[in-house]
$ cat my_file.cif   # mmCIF, C-alpha atoms
data_entry
loop_
_atom_site.label_atom_id
_atom_site.label_comp_id
_atom_site.auth_asym_id
_atom_site.auth_seq_id
_atom_site.Cartn_x
_atom_site.Cartn_y
_atom_site.Cartn_z
CA MET L 1 106.32 101.19 106.17
CA SER L 2 107.38 99.00 109.06
CA GLU L 3 109.69 96.08 108.31
CA GLN L 4 109.83 92.73 110.03
CA ALA L 5 112.76 90.36 110.24
CA PRO L 6 112.84 88.04 107.21
CA LEU L 7 110.70 85.00 107.91
CA PRO L 8 110.45 81.92 105.75
CA LEU L 9 107.46 81.75 103.45
CA SER L 10 105.26 78.96 104.73
CA PRO L 11 103.77 77.45 101.63
CA THR L 12 100.51 75.56 101.73
CA PRO L 13 99.76 73.01 98.99
CA ARG L 14 98.12 75.63 96.76
CA SER L 15 100.95 78.13 97.17
CA THR L 16 103.69 75.58 96.55
CA VAL L 17 105.56 75.95 93.28
CA ASN L 18 105.49 72.51 91.65
CA ARG L 19 106.93 73.33 88.26
CA TYR L 20 110.60 74.39 88.26
CA PRO L 21 110.76 74.45 92.10
CA HIS L 22 114.31 75.89 91.93
CA ARG L 23 112.66 79.13 90.84
CA ALA L 24 110.64 79.36 94.03
CA ALA L 25 111.86 81.76 96.70
CA ASP L 26 111.58 80.76 100.34
CA HIS L 27 112.13 83.98 102.29
CA ARG L 28 109.60 86.64 103.05
CA GLN L 29 112.13 89.36 102.21
CA VAL L 30 112.05 88.19 98.58
CA LEU L 31 108.26 88.52 98.65
CA TYR L 32 108.55 91.99 100.13
CA ASN L 33 111.09 93.02 97.47
CA VAL L 34 108.88 91.84 94.60
CA LEU L 35 105.86 93.63 96.07
CA ASP L 36 107.70 96.82 97.00
CA SER L 37 109.23 97.28 93.55
CA GLY L 38 105.99 96.72 91.64
CA LEU L 39 103.46 99.36 90.65
CA ILE L 40 100.22 97.49 90.03
CA CYS L 41 98.80 94.13 91.04
CA HIS L 42 96.16 91.88 89.51
CA VAL L 43 93.40 90.82 91.89
CA GLY L 44 91.50 87.62 91.16
CA PHE L 45 88.12 86.86 92.67
CA ILE L 46 85.07 84.78 91.79
CA ALA L 47 81.86 86.51 90.73
CA GLU L 48 78.93 84.26 89.87
CA ASP L 49 81.14 81.20 89.31
CA THR L 50 83.43 83.14 86.98
CA PRO L 51 86.99 84.19 87.73
CA VAL L 52 87.59 87.95 87.40
CA VAL L 53 91.08 89.44 87.12
CA MET L 54 91.15 93.13 87.91
CA PRO L 55 94.17 95.46 87.92
CA SER L 56 94.69 97.64 90.97
CA VAL L 57 97.17 99.91 92.66
CA TYR L 58 98.36 98.65 96.01
CA GLY L 59 100.71 99.14 98.92
CA ARG L 60 102.28 96.95 101.59
CA ASP L 61 102.70 97.51 105.31
CA GLY L 62 104.40 94.62 107.09
CA ASP L 63 102.38 91.53 106.25
CA THR L 64 99.32 93.38 105.00
CA LEU L 65 98.64 94.28 101.40
CA TYR L 66 96.22 97.12 100.73
CA PHE L 67 94.61 97.56 97.36
CA HIS L 68 92.04 99.79 95.80
CA ALA L 69 89.48 98.12 93.59
CA SER L 70 88.66 100.15 90.51
CA ARG L 71 85.34 98.41 89.94
CA ALA L 72 84.53 99.05 93.53
CA ALA L 73 80.84 98.29 93.59
CA ARG L 74 81.00 94.62 92.66
CA SER L 75 84.35 93.68 94.11
CA ALA L 76 83.84 95.54 97.40
CA ARG L 77 80.64 93.58 97.97
CA ILE L 78 82.44 90.32 97.24
CA PHE L 79 85.38 91.18 99.51
CA ALA L 80 83.02 92.20 102.30
CA GLU L 81 81.64 88.66 102.21
CA GLY L 82 85.11 87.26 102.96
CA ALA L 83 85.56 85.52 99.64
CA PRO L 84 88.82 83.84 98.60
CA ILE L 85 91.05 86.01 96.43
CA CYS L 86 94.42 85.76 94.75
CA VAL L 87 96.64 88.78 94.19
CA THR L 88 99.54 88.56 91.75
CA VAL L 89 102.32 91.07 91.13
CA THR L 90 104.55 90.37 88.14
CA HIS L 91 107.69 92.08 86.90
CA LEU L 92 108.72 91.25 83.35
CA ASP L 93 112.51 91.61 83.39
CA GLY L 94 113.59 90.31 80.02
CA ILE L 95 112.73 88.52 76.78
CA VAL L 96 114.80 85.33 76.56
CA TYR L 97 115.81 84.52 72.98
CA ALA L 98 116.90 80.90 72.57
CA ARG L 99 118.27 79.32 69.38
CA ASP L 100 115.20 77.11 69.30
CA VAL L 101 112.01 79.19 69.21
CA ALA L 102 110.30 76.64 71.45
CA HIS L 103 112.84 77.42 74.17
CA ASN L 104 112.20 81.16 74.11
CA SER L 105 111.13 82.37 77.52
CA VAL L 106 110.93 85.42 79.74
CA ASN L 107 112.80 86.48 82.83
CA TYR L 108 110.41 87.61 85.52
CA ARG L 109 109.68 87.95 89.22
CA SER L 110 106.18 87.07 90.28
CA ALA L 111 104.49 87.00 93.68
CA MET L 112 101.17 85.22 94.17
CA ILE L 113 99.21 85.72 97.38
CA TYR L 114 96.20 83.66 98.41
CA GLY L 115 93.82 84.69 101.11
CA THR L 116 90.58 86.30 102.07
CA GLY L 117 89.99 89.85 100.95
CA ARG L 118 88.58 92.26 103.47
CA ALA L 119 86.89 95.58 102.74
CA LEU L 120 87.89 98.20 105.31
CA VAL L 121 85.01 99.97 107.03
CA ASP L 122 86.42 102.14 109.84
CA GLU L 123 87.60 105.59 108.91
CA ALA L 124 90.94 105.10 110.70
CA ASP L 125 91.57 101.82 108.87
CA LYS L 126 90.75 103.35 105.51
CA LEU L 127 93.01 106.30 106.24
CA LYS L 128 95.84 103.90 107.12
CA GLY L 129 95.27 101.96 103.89
CA LEU L 130 95.28 105.12 101.79
CA HIS L 131 98.46 106.27 103.52
CA VAL L 132 100.20 102.95 102.75
CA MET L 133 99.00 102.95 99.14
CA ALA L 134 100.02 106.58 98.60
CA GLY L 135 103.46 105.78 100.02
CA HIS L 136 103.80 103.02 97.45
CA MET L 137 102.15 104.51 94.38
CA ALA L 138 103.25 108.10 94.89
CA PRO L 139 106.03 108.35 97.51
CA GLY L 140 106.10 111.84 99.02
CA ALA L 141 102.55 112.67 97.96
CA TRP L 142 101.07 112.12 101.42
CA ASP L 143 103.18 114.91 102.91
CA TYR L 144 102.89 117.23 99.89
CA GLY L 145 99.20 116.94 99.05
CA ASN L 146 96.01 117.55 100.98
CA ARG L 147 95.13 114.64 103.25
CA PRO L 148 91.87 112.76 102.74
CA ASP L 149 88.85 114.11 104.62
CA SER L 150 85.78 112.19 105.84
CA ARG L 151 84.00 112.71 102.53
CA ASP L 152 86.96 111.25 100.62
CA LEU L 153 87.06 108.25 102.96
CA LEU L 154 83.37 107.59 102.50
CA ARG L 155 83.75 107.62 98.72
CA VAL L 156 86.70 105.24 98.50
CA ALA L 157 86.83 101.45 98.79
CA VAL L 158 89.99 100.13 100.44
CA MET L 159 90.64 96.40 100.59
CA CYS L 160 93.27 94.45 102.45
CA LEU L 161 94.80 90.99 102.35
CA ASP L 162 97.08 89.15 104.73
CA LEU L 163 100.44 88.07 103.26
CA SER L 164 100.62 84.81 105.21
CA GLU L 165 100.05 82.50 102.23
CA ALA L 166 102.26 83.53 99.36
CA SER L 167 104.69 82.19 96.82
CA VAL L 168 107.35 83.91 94.77
CA LYS L 169 108.75 82.64 91.51
CA ILE L 170 111.76 84.12 89.79
CA ARG L 171 113.41 83.35 86.48
CA ASN L 172 116.66 85.21 85.98
CA GLU L 173 118.66 83.05 83.60
CA PRO L 174 120.09 82.95 80.10
CA PRO L 175 118.24 80.80 77.56
CA SER L 176 118.40 77.05 78.00
CA ASN L 177 119.51 74.80 75.17
CA HIS L 178 117.54 71.97 76.77
CA GLY L 179 120.43 69.61 76.18
CA LYS L 180 120.75 70.35 72.47
CA GLU L 181 124.12 71.15 70.89
CA PRO L 182 124.10 74.97 70.46
CA ASP L 183 124.29 76.36 66.92
CA LEU L 184 126.95 79.04 67.46
CA GLN L 185 126.05 80.76 64.19
CA LYS L 186 122.87 81.94 65.90
CA TRP L 187 122.68 84.62 68.57
CA ALA L 188 121.01 83.77 71.86
CA GLY L 189 120.56 85.86 74.97
CA VAL L 190 118.32 88.16 76.93
CA LEU L 191 116.76 91.48 75.92
CA PRO L 192 116.12 93.34 79.19
CA VAL L 193 112.71 94.95 79.73
CA GLN L 194 112.81 98.06 81.88
CA THR L 195 110.21 100.34 83.41
CA ARG L 196 111.05 103.99 83.87
CA PHE L 197 109.35 107.30 84.50
CA GLY L 198 109.06 109.91 81.76
CA VAL L 199 108.92 113.70 81.89
CA PRO L 200 106.23 114.96 84.33
CA GLN L 201 103.23 116.54 82.56
CA PRO L 202 101.71 119.39 84.62
CA GLN L 203 97.94 119.81 84.79
CA GLY L 204 96.69 122.75 82.69
CA ASP L 205 96.12 125.09 85.62
CA VAL L 206 99.60 124.73 87.16
CA PRO L 207 101.39 128.13 87.04
CA PRO L 208 104.34 127.97 84.60
CA ASP L 209 106.80 129.08 87.30
CA LEU L 210 105.79 126.32 89.75
CA ALA L 211 108.58 123.74 89.71
CA VAL L 212 107.83 120.04 89.67
CA PRO L 213 108.36 118.93 93.30
CA ASP L 214 111.36 116.68 93.95
CA HIS L 215 109.33 113.65 95.00
CA ILE L 216 107.96 113.58 91.44
CA ALA L 217 110.84 115.02 89.40
CA GLN L 218 113.43 112.79 91.09
CA ARG L 219 111.32 109.67 91.28
CA ARG L 220 113.05 106.49 90.11
CA MET L 221 111.79 102.92 89.96
CA THR L 222 112.43 100.92 93.13
CA PRO L 223 115.02 98.30 92.13
CA MET Z 224 98.80 88.19 62.32
CA SER Z 225 95.64 88.57 60.27
CA GLU Z 226 93.51 91.64 60.92
CA GLN Z 227 89.75 91.94 60.73
CA ALA Z 228 87.71 95.05 60.11
CA PRO Z 229 86.96 96.82 63.41
CA LEU Z 230 83.80 95.41 64.92
CA PRO Z 231 82.00 96.74 67.94
CA LEU Z 232 82.70 94.95 71.20
CA SER Z 233 79.49 93.20 72.21
CA PRO Z 234 79.47 93.41 75.97
CA THR Z 235 77.55 90.92 78.06
CA PRO Z 236 76.47 91.90 81.60
CA ARG Z 237 79.70 90.63 83.13
CA SER Z 238 81.93 92.39 80.60
CA THR Z 239 80.07 95.71 80.83
CA VAL Z 240 81.99 98.50 82.52
CA ASN Z 241 79.63 99.90 85.16
CA ARG Z 242 81.98 102.26 86.94
CA TYR Z 243 83.13 105.27 84.91
CA PRO Z 244 81.48 103.95 81.71
CA HIS Z 245 83.01 106.83 79.70
CA ARG Z 246 86.32 104.97 80.09
CA ALA Z 247 84.97 101.91 78.32
CA ALA Z 248 86.00 101.41 74.70
CA ASP Z 249 83.45 100.03 72.26
CA HIS Z 250 85.48 98.99 69.23
CA ARG Z 251 87.37 95.77 68.73
CA GLN Z 252 90.31 97.69 67.25
CA VAL Z 253 90.89 99.28 70.67
CA LEU Z 254 90.92 95.78 72.19
CA TYR Z 255 93.39 94.63 69.54
CA ASN Z 256 95.64 97.64 70.18
CA VAL Z 257 95.73 97.03 73.93
CA LEU Z 258 96.51 93.34 73.43
CA ASP Z 259 99.05 93.84 70.64
CA SER Z 260 101.09 96.40 72.57
CA GLY Z 261 101.26 94.36 75.78
CA LEU Z 262 103.92 91.83 76.72
CA ILE Z 263 102.33 89.63 79.38
CA CYS Z 264 98.81 88.81 80.48
CA HIS Z 265 97.33 87.59 83.75
CA VAL Z 266 95.16 84.50 83.46
CA GLY Z 267 92.51 83.88 86.11
CA PHE Z 268 90.96 80.48 86.69
CA ILE Z 269 89.34 78.60 89.56
CA ALA Z 270 91.17 75.71 91.21
CA GLU Z 271 89.38 73.98 94.07
CA ASP Z 272 87.03 76.92 94.69
CA THR Z 273 89.94 79.35 94.82
CA PRO Z 274 90.74 81.98 92.21
CA VAL Z 275 94.27 81.73 90.79
CA VAL Z 276 95.94 84.57 88.89
CA MET Z 277 98.89 83.41 86.81
CA PRO Z 278 101.12 85.53 84.58
CA SER Z 279 101.74 84.30 81.04
CA VAL Z 280 103.14 85.33 77.70
CA TYR Z 281 100.57 85.44 74.93
CA GLY Z 282 99.84 86.32 71.32
CA ARG Z 283 96.77 87.23 69.27
CA ASP Z 284 95.64 86.07 65.87
CA GLY Z 285 92.36 87.64 64.76
CA ASP Z 286 89.87 86.92 67.51
CA THR Z 287 91.89 84.20 69.20
CA LEU Z 288 94.27 84.74 72.08
CA TYR Z 289 96.97 82.13 72.64
CA PHE Z 290 98.78 81.85 75.93
CA HIS Z 291 101.31 79.61 77.52
CA ALA Z 292 100.66 78.55 81.08
CA SER Z 293 103.80 78.49 83.18
CA ARG Z 294 102.32 76.16 85.79
CA ALA Z 295 101.25 73.94 82.98
CA ALA Z 296 100.33 70.81 84.86
CA ARG Z 297 97.49 72.20 86.95
CA SER Z 298 96.20 74.88 84.62
CA ALA Z 299 96.35 72.73 81.48
CA ARG Z 300 94.16 70.15 83.21
CA ILE Z 301 91.68 72.82 84.23
CA PHE Z 302 91.59 74.37 80.74
CA ALA Z 303 91.11 70.95 79.15
CA GLU Z 304 87.92 70.65 81.18
CA GLY Z 305 86.54 73.81 79.53
CA ALA Z 306 86.52 75.89 82.69
CA PRO Z 307 85.67 79.61 82.73
CA ILE Z 308 88.69 81.88 82.66
CA CYS Z 309 89.42 85.59 82.60
CA VAL Z 310 92.50 87.03 80.91
CA THR Z 311 93.56 90.59 81.68
CA VAL Z 312 96.23 92.69 79.97
CA THR Z 313 97.08 95.98 81.66
CA HIS Z 314 99.36 98.82 80.62
CA LEU Z 315 100.26 101.27 83.34
CA ASP Z 316 100.78 104.56 81.48
CA GLY Z 317 101.18 107.12 84.23
CA ILE Z 318 100.98 108.02 87.89
CA VAL Z 319 98.35 110.74 88.36
CA TYR Z 320 99.28 113.20 91.11
CA ALA Z 321 96.30 115.22 92.32
CA ARG Z 322 96.40 118.04 94.86
CA ASP Z 323 94.29 115.87 97.15
CA VAL Z 324 95.99 112.56 97.87
CA ALA Z 325 92.63 110.80 97.81
CA HIS Z 326 92.25 111.86 94.15
CA ASN Z 327 95.58 110.36 93.08
CA SER Z 328 95.07 107.83 90.34
CA VAL Z 329 96.79 106.06 87.48
CA ASN Z 330 96.46 106.31 83.74
CA TYR Z 331 96.12 102.88 82.20
CA ARG Z 332 94.74 100.74 79.40
CA SER Z 333 93.26 97.44 80.45
CA ALA Z 334 91.59 94.65 78.48
CA MET Z 335 89.59 91.95 80.24
CA ILE Z 336 88.48 88.88 78.34
CA TYR Z 337 86.01 86.30 79.64
CA GLY Z 338 85.58 82.90 78.11
CA THR Z 339 86.40 79.25 78.19
CA GLY Z 340 90.05 78.27 78.01
CA ARG Z 341 90.97 75.45 75.69
CA ALA Z 342 94.17 73.41 75.78
CA LEU Z 343 95.41 72.68 72.26
CA VAL Z 344 96.05 69.03 71.49
CA ASP Z 345 96.81 68.69 67.76
CA GLU Z 346 100.38 69.25 66.67
CA ALA Z 347 99.33 71.67 63.91
CA ASP Z 348 97.25 73.74 66.35
CA LYS Z 349 100.08 73.90 68.86
CA LEU Z 350 102.52 74.92 66.13
CA LYS Z 351 100.14 77.70 65.08
CA GLY Z 352 99.82 78.86 68.68
CA LEU Z 353 103.59 78.91 69.19
CA HIS Z 354 104.01 80.82 65.91
CA VAL Z 355 101.50 83.46 67.02
CA MET Z 356 103.05 83.76 70.48
CA ALA Z 357 106.58 83.98 69.08
CA GLY Z 358 105.42 86.72 66.69
CA HIS Z 359 104.13 88.67 69.66
CA MET Z 360 106.75 87.96 72.33
CA ALA Z 361 109.79 87.89 70.06
CA PRO Z 362 109.01 89.31 66.61
CA GLY Z 363 111.44 87.94 64.03
CA ALA Z 364 112.45 84.96 66.17
CA TRP Z 365 110.30 82.48 64.23
CA ASP Z 366 112.25 83.12 61.02
CA TYR Z 367 115.65 83.42 62.71
CA GLY Z 368 115.56 80.51 65.15
CA ASN Z 369 115.07 76.79 64.79
CA ARG Z 370 111.41 75.87 64.45
CA PRO Z 371 109.79 73.61 67.04
CA ASP Z 372 109.97 69.88 66.36
CA SER Z 373 107.54 67.17 67.47
CA ARG Z 374 109.37 66.69 70.75
CA ASP Z 375 109.10 70.41 71.54
CA LEU Z 376 105.40 70.36 70.72
CA LEU Z 377 104.79 67.40 73.00
CA ARG Z 378 106.53 69.17 75.88
CA VAL Z 379 104.68 72.46 75.63
CA ALA Z 380 101.17 73.41 76.80
CA VAL Z 381 99.44 75.95 74.54
CA MET Z 382 96.09 77.37 75.54
CA CYS Z 383 93.66 79.51 73.58
CA LEU Z 384 90.71 81.76 74.29
CA ASP Z 385 88.12 83.36 72.03
CA LEU Z 386 88.02 87.17 72.13
CA SER Z 387 84.25 87.39 71.71
CA GLU Z 388 83.50 88.58 75.27
CA ALA Z 389 85.82 91.38 76.20
CA SER Z 390 85.90 94.85 77.67
CA VAL Z 391 88.51 97.56 77.49
CA LYS Z 392 88.90 100.35 79.98
CA ILE Z 393 91.18 103.32 79.46
CA ARG Z 394 92.06 106.25 81.70
CA ASN Z 395 94.14 108.87 79.93
CA GLU Z 396 93.39 112.09 81.77
CA PRO Z 397 94.95 114.71 84.01
CA PRO Z 398 94.06 114.55 87.71
CA SER Z 399 90.54 115.45 88.70
CA ASN Z 400 89.84 118.09 91.34
CA HIS Z 401 86.50 116.41 92.00
CA GLY Z 402 84.82 119.81 92.07
CA LYS Z 403 87.15 121.31 94.66
CA GLU Z 404 88.77 124.71 94.12
CA PRO Z 405 92.36 123.91 93.03
CA ASP Z 406 95.20 125.09 95.28
CA LEU Z 407 97.49 126.59 92.64
CA GLN Z 408 100.45 126.59 95.04
CA LYS Z 409 100.55 122.82 94.64
CA TRP Z 410 101.74 120.97 91.55
CA ALA Z 411 99.42 118.44 89.96
CA GLY Z 412 99.87 116.36 86.85
CA VAL Z 413 100.92 113.04 85.39
CA LEU Z 414 104.24 111.22 85.67
CA PRO Z 415 104.40 108.94 82.59
CA VAL Z 416 105.39 105.30 83.10
CA GLN Z 417 107.23 103.80 80.14
CA THR Z 418 108.42 100.34 79.21
CA ARG Z 419 111.53 100.03 77.08
CA PHE Z 420 114.08 97.45 76.06
CA GLY Z 421 117.63 97.58 77.42
CA VAL Z 422 120.94 96.46 75.93
CA PRO Z 423 120.83 92.84 74.68
CA GLN Z 424 122.86 90.44 76.88
CA PRO Z 425 124.39 87.60 74.81
CA GLN Z 426 124.46 84.05 76.19
CA GLY Z 427 127.96 83.01 77.34
CA ASP Z 428 128.69 80.83 74.31
CA VAL Z 429 127.87 83.44 71.66
CA PRO Z 430 131.07 84.25 69.67
CA PRO Z 431 132.20 87.84 70.38
CA ASP Z 432 132.10 88.74 66.66
CA LEU Z 433 128.49 87.60 66.18
CA ALA Z 434 126.37 90.74 65.94
CA VAL Z 435 123.04 91.00 67.72
CA PRO Z 436 120.46 90.38 64.96
CA ASP Z 437 118.34 93.36 63.95
CA HIS Z 438 115.04 91.90 65.15
CA ILE Z 439 116.49 92.03 68.67
CA ALA Z 440 118.87 95.02 68.49
CA GLN Z 441 116.26 97.25 66.80
CA ARG Z 442 113.28 96.07 68.79
CA ARG Z 443 111.05 98.83 70.15
CA MET Z 444 107.87 98.65 72.19
CA THR Z 445 104.70 98.50 70.08
CA PRO Z 446 102.96 101.84 70.72
#

$ encode --input "my_file.cif" --output "structure tokens"
Amino acid sequence: MSEQAPLPLSPTPRSTVNRYPHRAADHRQVLYNVLDSGLICHVGFIAEDTPVVMPSVYGRDGDTLYFHASRAARSARIFAEGAPICVTVTHLDGIVYARDVAHNSVNYRSAMIYGTGRALVDEADKLKGLHVMAGHMAPGAWDYGNRPDSRDLLRVAVMCLDLSEASVKIRNEPPSNHGKEPDLQKWAGVLPVQTRFGVPQPQGDVPPDLAVPDHIAQRRMTP
Amino acid sequence: MSEQAPLPLSPTPRSTVNRYPHRAADHRQVLYNVLDSGLICHVGFIAEDTPVVMPSVYGRDGDTLYFHASRAARSARIFAEGAPICVTVTHLDGIVYARDVAHNSVNYRSAMIYGTGRALVDEADKLKGLHVMAGHMAPGAWDYGNRPDSRDLLRVAVMCLDLSEASVKIRNEPPSNHGKEPDLQKWAGVLPVQTRFGVPQPQGDVPPDLAVPDHIAQRRMTP
């Protein structure tokens, strides 16, 4: 994954955070961090005048996001037509318990990218996209597993999106009393929410003496 | 949260799962389970011909989903106009490592709901929505904390969506060899992805001898 020097995010009107602007990040490195530490994204597109929000795996290389539509038939057709899309990656980091229920909140990091989705056609482009996504979703798998062949590439739909128009919003704060006098008889604070990997479950045909490879056994969440 | 007897999901063309239909669930109880064990949703709507995907907390009561738009100003206006929306809740349950990188996948449960968003106006409706969302996002908080007052209700934007048009898709399988002879020298299987709560972090003004209440200290993820 190539890295570029941190550049400011250049928000357009639609990618500008209007509510709680102090929660908006203004450096591309923050965007990269939110994307690189996530596991799935939600892709929004319009199908017959209706918004559709579809989960997908993804990967980032520089200022390009690759994703793999699970309902490939419909979405791939829509992306091929150069339709506007919105991709959002959200980390839920904590449940914020305030003394007033109405002030309960969540701590989170969320990146929202607007742009035009593009379905990759060339074999080399698709291979690149799969490589980037494998590096993100399953680091180490590209070198360990069998590489995709032409038949695999024909079967798969790989989409990409430019990261030029993006916004990042982060809440990482204790609860707010919203100016009210706190009732110190009541507990308030944050319950962290964490994602972690469990114990690897081998497929049925894996020989019992075949160890789980390190890139899986040692995998930890990207902070 | 009131429960209804399980009813079949009644898919319309747009909520019908066309790809891998064996992964589509057909009972409302499966939809309820996916929604009730999630923490955040992604709400899709159309703003000036562009799809927008916005994360939100939510809660379910029977066949109504309540959610709380974080960019309230714009989205609340759009929902008040009865615009079409799509709400998706996704659980990532595992990274699926196949012997062929192109066959890597993820195990997941995903619910997609189509409908017309509605911004609640009446105080009683908003209070109900906040109660349902608090019960979901922070079980026990409604009884422990201070209830919302009229000023809180005025300040907050609560949206709702009918669960009548929904689809659920679940992948809970080992990797597929896609008909290829497996290379038994290579490991294949599933790395589970789990969400859990960490150690509660008290707000700075909480007296050191005030114990973390049970509804927070004992909280576990809904399976």

$ atom_distance --input "my_file.cif" --atom1 "atom CA of Z:Tyr367" --atom2 "atom CA of Z:Thr418"
24.7 Å

$ residues_near_point --input "my_file.cif" --point "(90.9, 87.5, 90.0)" --cutoff "10 Å" --atoms "only C-alpha atoms" --output "number ranges by chain"
L: 42-47, 50-55, 75, 84-88; Z: 265-269, 273-277, 308-311

$ closest_residue --input "my_file.cif" --among "L:Leu130, L:Leu191, L:Leu161, L:Leu210" --to "L:Asn104" --atoms "all atoms listed in the file"
L:Leu191

$ residues_around --input "my_file.cif" --residues "Z:Arg370" --least-positions-apart "3" --cutoff "7 Å" --atoms "all atoms listed in the file" --output "ChimeraX atom specification"
/L:100-101 /Z:365

$ write_last_selection --input "my_file.cif" --atoms "C-alpha atoms" --output "tab-separated table (two decimals), in the coordinates of the input"
chain	number	residue	atom	x	y	z
L	100	ASP	CA	115.20	77.11	69.30
L	101	VAL	CA	112.01	79.19	69.21
Z	365	TRP	CA	110.30	82.48	64.23

$ resolve_selection --input "my_file.cif" --expression "the PyMOL selection byres ((chain Z and resi 346-349) around 8)" --output "list in words"
Leu343, Val344, Asp345, Leu350, Lys351, Gly352, Leu353, Ser373, Leu376, Leu377 and Val381 of chain Z

$ write_last_selection --input "my_file.cif" --atoms "C-alpha atoms" --output "PDB file, in the coordinates of the input"
ATOM      1  CA  LEU Z 343      95.410  72.680  72.260  1.00  0.00           C
ATOM      2  CA  VAL Z 344      96.050  69.030  71.490  1.00  0.00           C
ATOM      3  CA  ASP Z 345      96.810  68.690  67.760  1.00  0.00           C
ATOM      4  CA  LEU Z 350     102.520  74.920  66.130  1.00  0.00           C
ATOM      5  CA  LYS Z 351     100.140  77.700  65.080  1.00  0.00           C
ATOM      6  CA  GLY Z 352      99.820  78.860  68.680  1.00  0.00           C
ATOM      7  CA  LEU Z 353     103.590  78.910  69.190  1.00  0.00           C
ATOM      8  CA  SER Z 373     107.540  67.170  67.470  1.00  0.00           C
ATOM      9  CA  LEU Z 376     105.400  70.360  70.720  1.00  0.00           C
ATOM     10  CA  LEU Z 377     104.790  67.400  73.000  1.00  0.00           C
ATOM     11  CA  VAL Z 381      99.440  75.950  74.540  1.00  0.00           C
TER      12      VAL Z 381
END

$ residues_around --input "my_file.cif" --residues "Z:Tyr289" --least-positions-apart "5" --cutoff "8 Å" --atoms "all atoms listed in the file" --output "PyMOL selection string"
chain Z and resi 281-284+352+355-356+381-384

$ residues_near_point --input "my_file.cif" --point "(118.8, 100.3, 76.3)" --cutoff "9 Å" --atoms "only C-alpha atoms" --output "ChimeraX atom specification"
/L:192-194 /Z:419-423

$ write_last_selection --input "my_file.cif" --atoms "C-alpha atoms" --output "short mmCIF file (atom, residue, chain, number, x, y, z; two decimals), keeping the file's coordinate frame"
data_model
loop_
_atom_site.label_atom_id
_atom_site.label_comp_id
_atom_site.auth_asym_id
_atom_site.auth_seq_id
_atom_site.Cartn_x
_atom_site.Cartn_y
_atom_site.Cartn_z
CA PRO L 192 116.12 93.34 79.19
CA VAL L 193 112.71 94.95 79.73
CA GLN L 194 112.81 98.06 81.88
CA ARG Z 419 111.53 100.03 77.08
CA PHE Z 420 114.08 97.45 76.06
CA GLY Z 421 117.63 97.58 77.42
CA VAL Z 422 120.94 96.46 75.93
CA PRO Z 423 120.83 92.84 74.68
#

$ closest_residue --input "my_file.cif" --among "L:Arg99, L:Gly204, L:Asp143, L:His178" --to "chain Z" --atoms "all atoms listed in the file"
L:Arg99

$ residues_around --input "my_file.cif" --residues "stretch 386-393 of chain Z" --least-positions-apart "5" --cutoff "6 Å" --atoms "only C-alpha atoms" --output "list in words"
Ser238, Arg246, Ala247, Ala248, Asp286, Thr287, Tyr331, Arg332, Ser333, Ala334, Met335, Ile336 and Tyr337 of chain Z

$ atom_distance --input "my_file.cif" --atom1 "atom CA of L:Gly145" --atom2 "atom CA of Z:Ala321"
7.5 Å

$ resolve_selection --input "my_file.cif" --expression "the PyMOL selection byres ((chain Z and resi 279) around 6)" --output "list in words"
Ile263, Cys264, Pro278, Val280, His291 and Ala292 of chain Z

$ atom_distance --input "my_file.cif" --atom1 "atom CA of Z:Glu404" --atom2 "atom CA of L:Pro213"
20.4 Å

$ residues_around --input "my_file.cif" --residues "L:Pro175" --least-positions-apart "6" --cutoff "8 Å" --atoms "only C-alpha atoms" --output "list of chain:residue names"
L:Val96, L:Tyr97, L:Ala98, L:His103, L:Asn104, L:Ser105, L:Ala188, L:Gly189, L:Val190, Z:Gln426

$ closest_residue --input "my_file.cif" --among "L:Leu65, L:Leu9, L:Ala157, L:Leu35" --to "chain Z" --atoms "all atoms listed in the file"
L:Ala157

$ closest_residue --input "my_file.cif" --among "L:Met221, L:Ala119, L:Ala102, L:Val212" --to "L:Val156" --atoms "only C-alpha atoms"
L:Ala119

$ closest_residue --input "my_file.cif" --among "Z:Ala364, Z:Pro431, Z:Tyr255, Z:Gly261" --to "chain L" --atoms "all atoms listed in the file"
Z:Ala364
